[in-house]
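Read through the structure below, which is laid out as structure tokens, and then see the notes.
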Amino acid sequence: MAAFNVRKDSCALDFLSLGALVHRLDPGVIPFRKARTLDIHVSGGEYNVAANLSDCFGLKTGIATAMVKYPIGEMIQAKVREMGVTPFYKWFDHDGVRGPNMATVYSDRGQGVRAPVVFYNRSNEAGAMLKAGDFDWKSIFAAGVRWFHSGGIFAALSPTTSDVIIEAMQAAKATGAINSFDLNYRAKLWAAAGGAERGVQVIKKIVSNVDALIGNEEDLQKGLGIAGPEVASTKSKLDPDTFFQLIEKVVTQHPNIKIVATTLREVHSTNRHDWAAVLWLEGKKYVSPMCQLDVIDRIGGGDGFAAGLIYGLIAGRSPEDALRLGWAHGALLTTFPGDVTMAKLDEVEAFAKGGSARVQR
């Protein structure tokens with residue numbers, strides 16, 4: 001098996017992701033049935049990582065995705081530009097009535113003992129219509145890409161989206177890019193896309209092309225169909241032992257995988273979490289510090305972790321440093337409203353080194 005190495009030559013993009021862009025409607029702490037005003041966040045599990053890497057970490061990033069020619073699409077395009085992400089759009093015309101549409105995610109923030117509630121309207125979604133052949137991967141990767149990324153949310157959208165992921169990963173691998181995949185297992189999405197059994201079949205096929213895998217214990221068990229202890233039965237959500245035991249099973253089934261990483265989160269209430277992260281890299285195990293989070297908005301924290309980790313690995317930092325950067329950035333992201341970063345690199349570096357919340361004068 002080839003060693004894990006990130007390209008060091010000149011590349012047009014440090015990072016490219018593939019996935020569906022969405023807009024998330026956020027009533028804050030008010031439940032939707034009582035909401036009268038909403039904030040709009042542009043999001044997408046795969047896009048968020050690209051946006052974070054561009055805006056906070058200063059990398060050259062891109063997103064391959066579907067885009068609809070109507071006002072919601074224009075609003076989303078503006079946010080993509082604002083975050084400095086280079087788009088590669090497959091364009092769709094809106095018929096003025098039914099779509100195709102840019103998907104809507106509804107997510108209140110909860111409060112205290114009341115958990116956040118998330119639901120979707122992904123009917124007639126343009127992202128689900130993407131199929132193999134929609135992007136000129138040969139041309140995109142010929143310009144140079146260090147790291148390619150996609151995820152389980154996009155894979156679950158339709159029978160054709162996983163084909164696009166595999167096509168892109170094969171093109172990425174041919175030019176020496178690292179392939180990563182965030183399992184992001186969403187039971188609601190897979191239930192609407194053929195059920196849990198199909199989810200395992202699809203994800204296993206994708207993961208055979210992957211170098212770096214991101215996912216927690218539940219993701220690994222449900223996404224890859226790997227037997228393990230019940231997620232709720234572990235003595236602590238912050239105990240990495242169960243996760244590392246599962247890794248051994250994952251890499252036995254998929255020896256192409258060189259990296260597996262995840263966040264560890266103990267939820268005491270909607271707004272108070274204990275937070276840590278772990279990394280398995282070519283047989284070596286790394287564990288971050290633990291901190292307590294006072295959460296404003298938990299959506300996107302995992303994508304924040306992935307961005308910091310990937311930045312560290314692309315930048316040639318040690319595995320310990322890369323893990324701490326992911327842990328720190330994910331923690332900071334939960335202190336902002338919305339799905340993407342508002343952090344600065346020096347803030348991430350300071351927290352990763354053990355910084356505090358003392359006022360900066």
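All residue names refer to the structure tokens as shown: chains lettered A, B, ... in order, residues numbered from 1 in each chain, ligands numbered from 1 in order.
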
field: Contacts of range 58-67 of chain A at 7 Å (only C-alpha atoms; same-chain gap of 5+ positions) as JSON, numbers by chain
entry: {"A": [13, 14, 15, 16, 17, 18, 19, 20, 21, 47, 50, 53, 73, 85, 86, 87, 88, 89, 90, 91, 92, 126, 127, 130]}

Write the residues you've just listed into a file as an mmCIF file, in the first residue's frame, and include C-alpha atoms for each of them.
data_model
loop_
_atom_site.group_PDB
_atom_site.id
_atom_site.type_symbol
_atom_site.label_atom_id
_atom_site.label_comp_id
_atom_site.auth_asym_id
_atom_site.auth_seq_id
_atom_site.Cartn_x
_atom_site.Cartn_y
_atom_site.Cartn_z
ATOM 1 C CA LEU A 13 -6.507 24.044 -6.268
ATOM 2 C CA ASP A 14 -5.440 22.816 -2.872
ATOM 3 C CA PHE A 15 -8.858 21.300 -2.264
ATOM 4 C CA LEU A 16 -11.925 20.421 -4.351
ATOM 5 C CA SER A 17 -15.214 19.092 -3.029
ATOM 6 C CA LEU A 18 -18.252 17.569 -4.731
ATOM 7 C CA GLY A 19 -21.723 17.849 -3.231
ATOM 8 C CA ALA A 20 -25.050 19.639 -3.181
ATOM 9 C CA LEU A 21 -25.400 23.235 -2.078
ATOM 10 C CA TYR A 47 -19.194 22.695 0.485
ATOM 11 C CA ALA A 50 -14.183 24.029 1.051
ATOM 12 C CA LEU A 53 -10.476 26.007 4.115
ATOM 13 C CA GLY A 73 -29.519 30.117 -6.816
ATOM 14 C CA VAL A 85 -14.589 29.175 -3.308
ATOM 15 C CA THR A 86 -14.169 28.553 -7.051
ATOM 16 C CA PRO A 87 -17.387 27.008 -8.435
ATOM 17 C CA PHE A 88 -17.744 24.368 -11.126
ATOM 18 C CA TYR A 89 -21.470 24.461 -11.805
ATOM 19 C CA LYS A 90 -23.735 22.108 -13.721
ATOM 20 C CA TRP A 91 -26.523 24.520 -14.632
ATOM 21 C CA PHE A 92 -30.250 23.796 -14.465
ATOM 22 C CA ALA A 126 -30.948 19.781 -8.789
ATOM 23 C CA GLY A 127 -28.098 18.189 -6.834
ATOM 24 C CA LEU A 130 -26.195 15.089 -11.145
#

Compile the contact shell of Ala227 in chain A as a short mmCIF file (atom, residue, chain, number, x, y, z; two decimals) with C-alpha atoms, in the first residue's frame: residues with an atom at most 9 Å away, counting only C-alpha atoms, same-chain residues fewer than 3 positions apart removed.
data_model
loop_
_atom_site.label_atom_id
_atom_site.label_comp_id
_atom_site.auth_asym_id
_atom_site.auth_seq_id
_atom_site.Cartn_x
_atom_site.Cartn_y
_atom_site.Cartn_z
CA LEU A 220 -18.80 3.44 10.71
CA GLN A 221 -21.33 0.92 11.95
CA LYS A 222 -24.35 2.07 9.94
CA GLU A 230 -24.16 -0.29 20.46
CA LEU A 246 -13.74 -0.21 14.98
CA LYS A 249 -12.23 -3.68 11.35
#

Please, which residues in range 77-175 of chain A fall within 9 Å of range 4-7 of chain A when counting only C-alpha atoms, and what is the closest atom pair and distance in Å to one decimal for each, ordered by chain then residue number, as JSON lines?
{"residue": "A:Val145", "atom": "CA", "partner": "A:Arg7", "partner_atom": "CA", "distance": 8.3}
{"residue": "A:Arg146", "atom": "CA", "partner": "A:Arg7", "partner_atom": "CA", "distance": 5.5}
{"residue": "A:Trp147", "atom": "CA", "partner": "A:Val6", "partner_atom": "CA", "distance": 7.6}

Using only N, CA and C atoms, please write the residues we just selected to a file, as a PDB file, in the first residue's frame.
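Output contents, as saved in selection.pdb:
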ATOM      1  N   VAL A 145      -4.885  19.347  -8.465  1.00  0.00           N
ATOM      2  CA  VAL A 145      -5.701  19.369  -7.244  1.00  0.00           C
ATOM      3  C   VAL A 145      -4.984  18.490  -6.213  1.00  0.00           C
ATOM      4  N   ARG A 146      -4.770  19.028  -5.031  1.00  0.00           N
ATOM      5  CA  ARG A 146      -4.072  18.243  -4.003  1.00  0.00           C
ATOM      6  C   ARG A 146      -4.993  17.264  -3.284  1.00  0.00           C
ATOM      7  N   TRP A 147      -6.227  17.693  -3.068  1.00  0.00           N
ATOM      8  CA  TRP A 147      -7.117  16.913  -2.187  1.00  0.00           C
ATOM      9  C   TRP A 147      -8.535  16.994  -2.749  1.00  0.00           C
TER      10      TRP A 147
END

Computed interatomic separation between CA of Gln253 in chain A and CA of Gly225 in chain A (Å):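 Rounded to one decimal, the two atoms are 10.8 Å apart.
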
- request: Give the answer as one residue: which of A:Gly300, A:Pro289, A:Gly223, A:Gly283 has the shortest atom-to-atom distance to Asn48 in chain A, using only C-alpha atoms?
  value: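 Going through A:Gly300, A:Pro289, A:Gly223, A:Gly283 one by one, the smallest distance to Asn48 in chain A is for A:Gly300.
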
Would you write out, as CSV, a table of all residues in range 286-319 of chain A that have an atom no more than 8 Å from an atom of range 262-271 of chain A, listing for each the closest atom pair and the distance in Å to one decimal, considering only C-alpha atoms and ordering rows by chain and rising residue number?
residue,atom,partner,partner_atom,distance
A:Leu293,CA,A:Asn271,CA,7.5
A:Asp294,CA,A:Asn271,CA,5.4
A:Val295,CA,A:Asn271,CA,4.5
A:Ile296,CA,A:Asn271,CA,6.6
A:Gly302,CA,A:Thr263,CA,6.8
A:Phe305,CA,A:Thr263,CA,7.3

query: Using only C-alpha atoms, which residues sit within 8 Å of Ala212 in chain A once same-chain residues fewer than 4 positions away are excluded, as a list in words?
result: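 Here the answer would be Ile178, Asn179, Ser180, Phe181, Ile257, Lys258, Ile259 and Val260 of chain A.
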
Gap from CA of Phe57 in chain A to CA of Gly45 in chain A - Å, one decimal: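 Separating CA of Phe57 in chain A from CA of Gly45 in chain A is a distance of 17.6 Å.
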
Spatial neighbours of Trp280 in chain A, 12 Å, only C-alpha atoms, chain gap at least 5 places, as an NGL selection string: :A and (211-215 or 240-241 or 243-248 or 250-251 or 257-262 or 285-288 or 309 or 319-320 or 322-323)

query: Tell me, which residues of range 220-308 of chain A carry DSSP strand (DSSP E or B), written as a ChimeraX atom specification?
result: /A:259-269,272-281,284-287,291-294

Selected residues written out with N, CA and C atoms, as an mmCIF file, in the first residue's frame:
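As written to disk, result_38.cif reads:
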data_model
loop_
_atom_site.group_PDB
_atom_site.id
_atom_site.type_symbol
_atom_site.label_atom_id
_atom_site.label_comp_id
_atom_site.auth_asym_id
_atom_site.auth_seq_id
_atom_site.Cartn_x
_atom_site.Cartn_y
_atom_site.Cartn_z
ATOM 1 N N ILE A 259 -6.183 6.972 6.606
ATOM 2 C CA ILE A 259 -6.552 7.905 7.676
ATOM 3 C C ILE A 259 -8.015 7.694 8.037
ATOM 4 N N VAL A 260 -8.302 7.645 9.333
ATOM 5 C CA VAL A 260 -9.672 7.714 9.818
ATOM 6 C C VAL A 260 -9.680 8.706 10.979
ATOM 7 N N ALA A 261 -10.654 9.594 10.998
ATOM 8 C CA ALA A 261 -10.709 10.618 12.040
ATOM 9 C C ALA A 261 -12.158 10.941 12.375
ATOM 10 N N THR A 262 -12.356 11.420 13.589
ATOM 11 C CA THR A 262 -13.696 11.832 13.994
ATOM 12 C C THR A 262 -13.623 12.763 15.185
ATOM 13 N N THR A 263 -14.738 13.439 15.429
ATOM 14 C CA THR A 263 -14.907 14.185 16.675
ATOM 15 C C THR A 263 -15.554 13.275 17.709
ATOM 16 N N LEU A 264 -15.309 13.560 18.974
ATOM 17 C CA LEU A 264 -15.962 12.890 20.092
ATOM 18 C C LEU A 264 -16.720 13.950 20.866
ATOM 19 N N ARG A 265 -18.000 13.698 21.074
ATOM 20 C CA ARG A 265 -18.849 14.739 21.671
ATOM 21 C C ARG A 265 -19.746 14.117 22.734
ATOM 22 N N GLU A 266 -19.694 14.666 23.934
ATOM 23 C CA GLU A 266 -20.609 14.280 25.004
ATOM 24 C C GLU A 266 -21.575 15.436 25.188
ATOM 25 N N VAL A 267 -22.867 15.190 24.895
ATOM 26 C CA VAL A 267 -23.871 16.252 24.940
ATOM 27 C C VAL A 267 -24.545 16.252 26.301
ATOM 28 N N HIS A 268 -24.294 17.275 27.098
ATOM 29 C CA HIS A 268 -24.941 17.421 28.404
ATOM 30 C C HIS A 268 -26.261 18.173 28.271
ATOM 31 N N SER A 269 -26.276 19.136 27.368
ATOM 32 C CA SER A 269 -27.501 19.833 26.992
ATOM 33 C C SER A 269 -27.258 20.364 25.589
ATOM 34 N N ARG A 272 -24.324 22.802 26.016
ATOM 35 C CA ARG A 272 -23.119 22.453 26.773
ATOM 36 C C ARG A 272 -22.652 21.054 26.342
ATOM 37 N N HIS A 273 -21.512 21.038 25.643
ATOM 38 C CA HIS A 273 -20.932 19.788 25.163
ATOM 39 C C HIS A 273 -19.501 19.657 25.660
ATOM 40 N N ASP A 274 -19.062 18.422 25.899
ATOM 41 C CA ASP A 274 -17.638 18.119 26.000
ATOM 42 C C ASP A 274 -17.164 17.708 24.611
ATOM 43 N N TRP A 275 -15.958 18.117 24.249
ATOM 44 C CA TRP A 275 -15.527 18.018 22.841
ATOM 45 C C TRP A 275 -14.081 17.530 22.757
ATOM 46 N N ALA A 276 -13.861 16.518 21.935
ATOM 47 C CA ALA A 276 -12.516 16.027 21.671
ATOM 48 C C ALA A 276 -12.510 15.445 20.262
ATOM 49 N N ALA A 277 -11.363 14.933 19.829
ATOM 50 C CA ALA A 277 -11.251 14.350 18.497
ATOM 51 C C ALA A 277 -10.133 13.325 18.488
ATOM 52 N N VAL A 278 -10.218 12.391 17.555
ATOM 53 C CA VAL A 278 -9.201 11.340 17.433
ATOM 54 C C VAL A 278 -8.809 11.165 15.971
ATOM 55 N N LEU A 279 -7.600 10.668 15.785
ATOM 56 C CA LEU A 279 -7.046 10.442 14.448
ATOM 57 C C LEU A 279 -6.288 9.130 14.438
ATOM 58 N N TRP A 280 -6.557 8.309 13.433
ATOM 59 C CA TRP A 280 -5.779 7.102 13.136
ATOM 60 C C TRP A 280 -5.106 7.351 11.794
ATOM 61 N N LEU A 281 -3.771 7.329 11.781
ATOM 62 C CA LEU A 281 -3.027 7.606 10.550
ATOM 63 C C LEU A 281 -1.977 6.526 10.354
ATOM 64 N N LYS A 284 -1.030 4.561 13.458
ATOM 65 C CA LYS A 284 -0.718 5.296 14.675
ATOM 66 C C LYS A 284 -1.960 6.045 15.160
ATOM 67 N N LYS A 285 -2.098 6.125 16.488
ATOM 68 C CA LYS A 285 -3.291 6.699 17.098
ATOM 69 C C LYS A 285 -2.965 8.020 17.791
ATOM 70 N N TYR A 286 -3.848 9.000 17.602
ATOM 71 C CA TYR A 286 -3.662 10.319 18.196
ATOM 72 C C TYR A 286 -4.991 10.765 18.806
ATOM 73 N N VAL A 287 -4.915 11.407 19.976
ATOM 74 C CA VAL A 287 -6.105 11.884 20.679
ATOM 75 C C VAL A 287 -5.899 13.350 21.055
ATOM 76 N N CYS A 291 -12.251 19.725 25.700
ATOM 77 C CA CYS A 291 -12.686 21.024 26.207
ATOM 78 C C CYS A 291 -14.203 21.030 26.324
ATOM 79 N N GLN A 292 -14.713 22.001 27.042
ATOM 80 C CA GLN A 292 -16.153 22.184 27.147
ATOM 81 C C GLN A 292 -16.590 23.284 26.195
ATOM 82 N N LEU A 293 -17.667 23.024 25.475
ATOM 83 C CA LEU A 293 -18.207 23.990 24.522
ATOM 84 C C LEU A 293 -19.488 24.603 25.069
ATOM 85 N N ASP A 294 -19.617 25.920 24.918
ATOM 86 C CA ASP A 294 -20.886 26.613 25.121
ATOM 87 C C ASP A 294 -21.410 26.930 23.722
#

field: Pick from A:Ala331, A:Ala307, A:Ile153, A:Ala350, whichever lies nearest to Val49 in chain A using only C-alpha atoms
entry: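 When distances to Val49 in chain A are compared using only C-alpha atoms, the smallest one comes from A:Ala307.
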
task: Please give the complete set of residues from range 155-200 of chain A that DSSP, run on the backbone, assigns to alpha helix (DSSP H), formatted as a ChimeraX atom specification.
output: /A:155,161-174,187-191,196-200

- request: Pick out the closest residue to Ala174 in chain A from this set: A:Gln201, A:Ala193, A:Lys188, A:Ala142. Count only C-alpha atoms.
  value: A:Ala142

message: Ranking A:Pro71, A:Val42, A:Cys11, A:Leu157 by minimum distance to Ile140 in chain A and counting only C-alpha atoms, which one comes first?
response: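 Counting only C-alpha atoms, the residue closest to Ile140 in chain A is A:Cys11.
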
Got a sec: who's within 8 Å of range 104-107 of chain A, counting only C-alpha atoms, leaving out chain neighbours fewer than 2 positions off, as an mmCIF file with N, CA and C atoms, in the first residue's frame?
data_model
loop_
_atom_site.group_PDB
_atom_site.id
_atom_site.type_symbol
_atom_site.label_atom_id
_atom_site.label_comp_id
_atom_site.auth_asym_id
_atom_site.auth_seq_id
_atom_site.Cartn_x
_atom_site.Cartn_y
_atom_site.Cartn_z
ATOM 1 N N VAL A 22 -27.063 23.808 -0.420
ATOM 2 C CA VAL A 22 -28.419 23.975 0.102
ATOM 3 C C VAL A 22 -28.505 25.327 0.800
ATOM 4 N N HIS A 23 -29.736 25.745 1.104
ATOM 5 C CA HIS A 23 -29.907 26.890 1.988
ATOM 6 C C HIS A 23 -30.666 26.403 3.217
ATOM 7 N N ARG A 24 -30.149 26.790 4.379
ATOM 8 C CA ARG A 24 -30.740 26.360 5.649
ATOM 9 C C ARG A 24 -31.506 27.516 6.261
ATOM 10 N N LEU A 25 -32.749 27.262 6.602
ATOM 11 C CA LEU A 25 -33.595 28.260 7.252
ATOM 12 C C LEU A 25 -33.519 28.046 8.762
ATOM 13 N N ASP A 26 -33.172 29.102 9.471
ATOM 14 C CA ASP A 26 -32.828 29.008 10.882
ATOM 15 C C ASP A 26 -33.644 30.016 11.683
ATOM 16 N N PRO A 27 -34.620 29.563 12.499
ATOM 17 C CA PRO A 27 -35.386 30.489 13.345
ATOM 18 C C PRO A 27 -34.732 30.730 14.695
ATOM 19 N N MET A 102 -32.970 24.308 -5.509
ATOM 20 C CA MET A 102 -31.890 24.189 -4.548
ATOM 21 C C MET A 102 -32.535 23.764 -3.225
ATOM 22 N N ARG A 109 -32.300 25.738 16.547
ATOM 23 C CA ARG A 109 -31.095 25.500 17.348
ATOM 24 C C ARG A 109 -31.373 24.804 18.665
ATOM 25 N N PRO A 116 -32.130 20.419 19.116
ATOM 26 C CA PRO A 116 -32.424 20.958 17.785
ATOM 27 C C PRO A 116 -33.244 19.957 16.973
ATOM 28 N N VAL A 117 -34.055 20.469 16.063
ATOM 29 C CA VAL A 117 -34.845 19.632 15.163
ATOM 30 C C VAL A 117 -34.468 19.969 13.729
ATOM 31 N N VAL A 118 -34.131 18.937 12.940
ATOM 32 C CA VAL A 118 -33.735 19.124 11.545
ATOM 33 C C VAL A 118 -34.662 18.331 10.646
ATOM 34 N N PHE A 119 -35.157 18.978 9.580
ATOM 35 C CA PHE A 119 -35.898 18.260 8.540
ATOM 36 C C PHE A 119 -35.624 18.943 7.208
ATOM 37 N N TYR A 120 -36.079 18.339 6.117
ATOM 38 C CA TYR A 120 -35.637 18.732 4.792
ATOM 39 C C TYR A 120 -36.806 18.909 3.820
ATOM 40 N N ASN A 121 -36.556 19.699 2.785
ATOM 41 C CA ASN A 121 -37.345 19.627 1.553
ATOM 42 C C ASN A 121 -36.336 19.501 0.415
ATOM 43 N N ARG A 122 -36.111 18.275 -0.036
ATOM 44 C CA ARG A 122 -35.156 18.015 -1.111
ATOM 45 C C ARG A 122 -35.887 17.501 -2.359
#

query: What separation in Å, quoted to one decimal, exists between CA of Ala328 in chain A and CA of Glu349 in chain A?
result: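 Rounded to one decimal, the two atoms are 7.8 Å apart.
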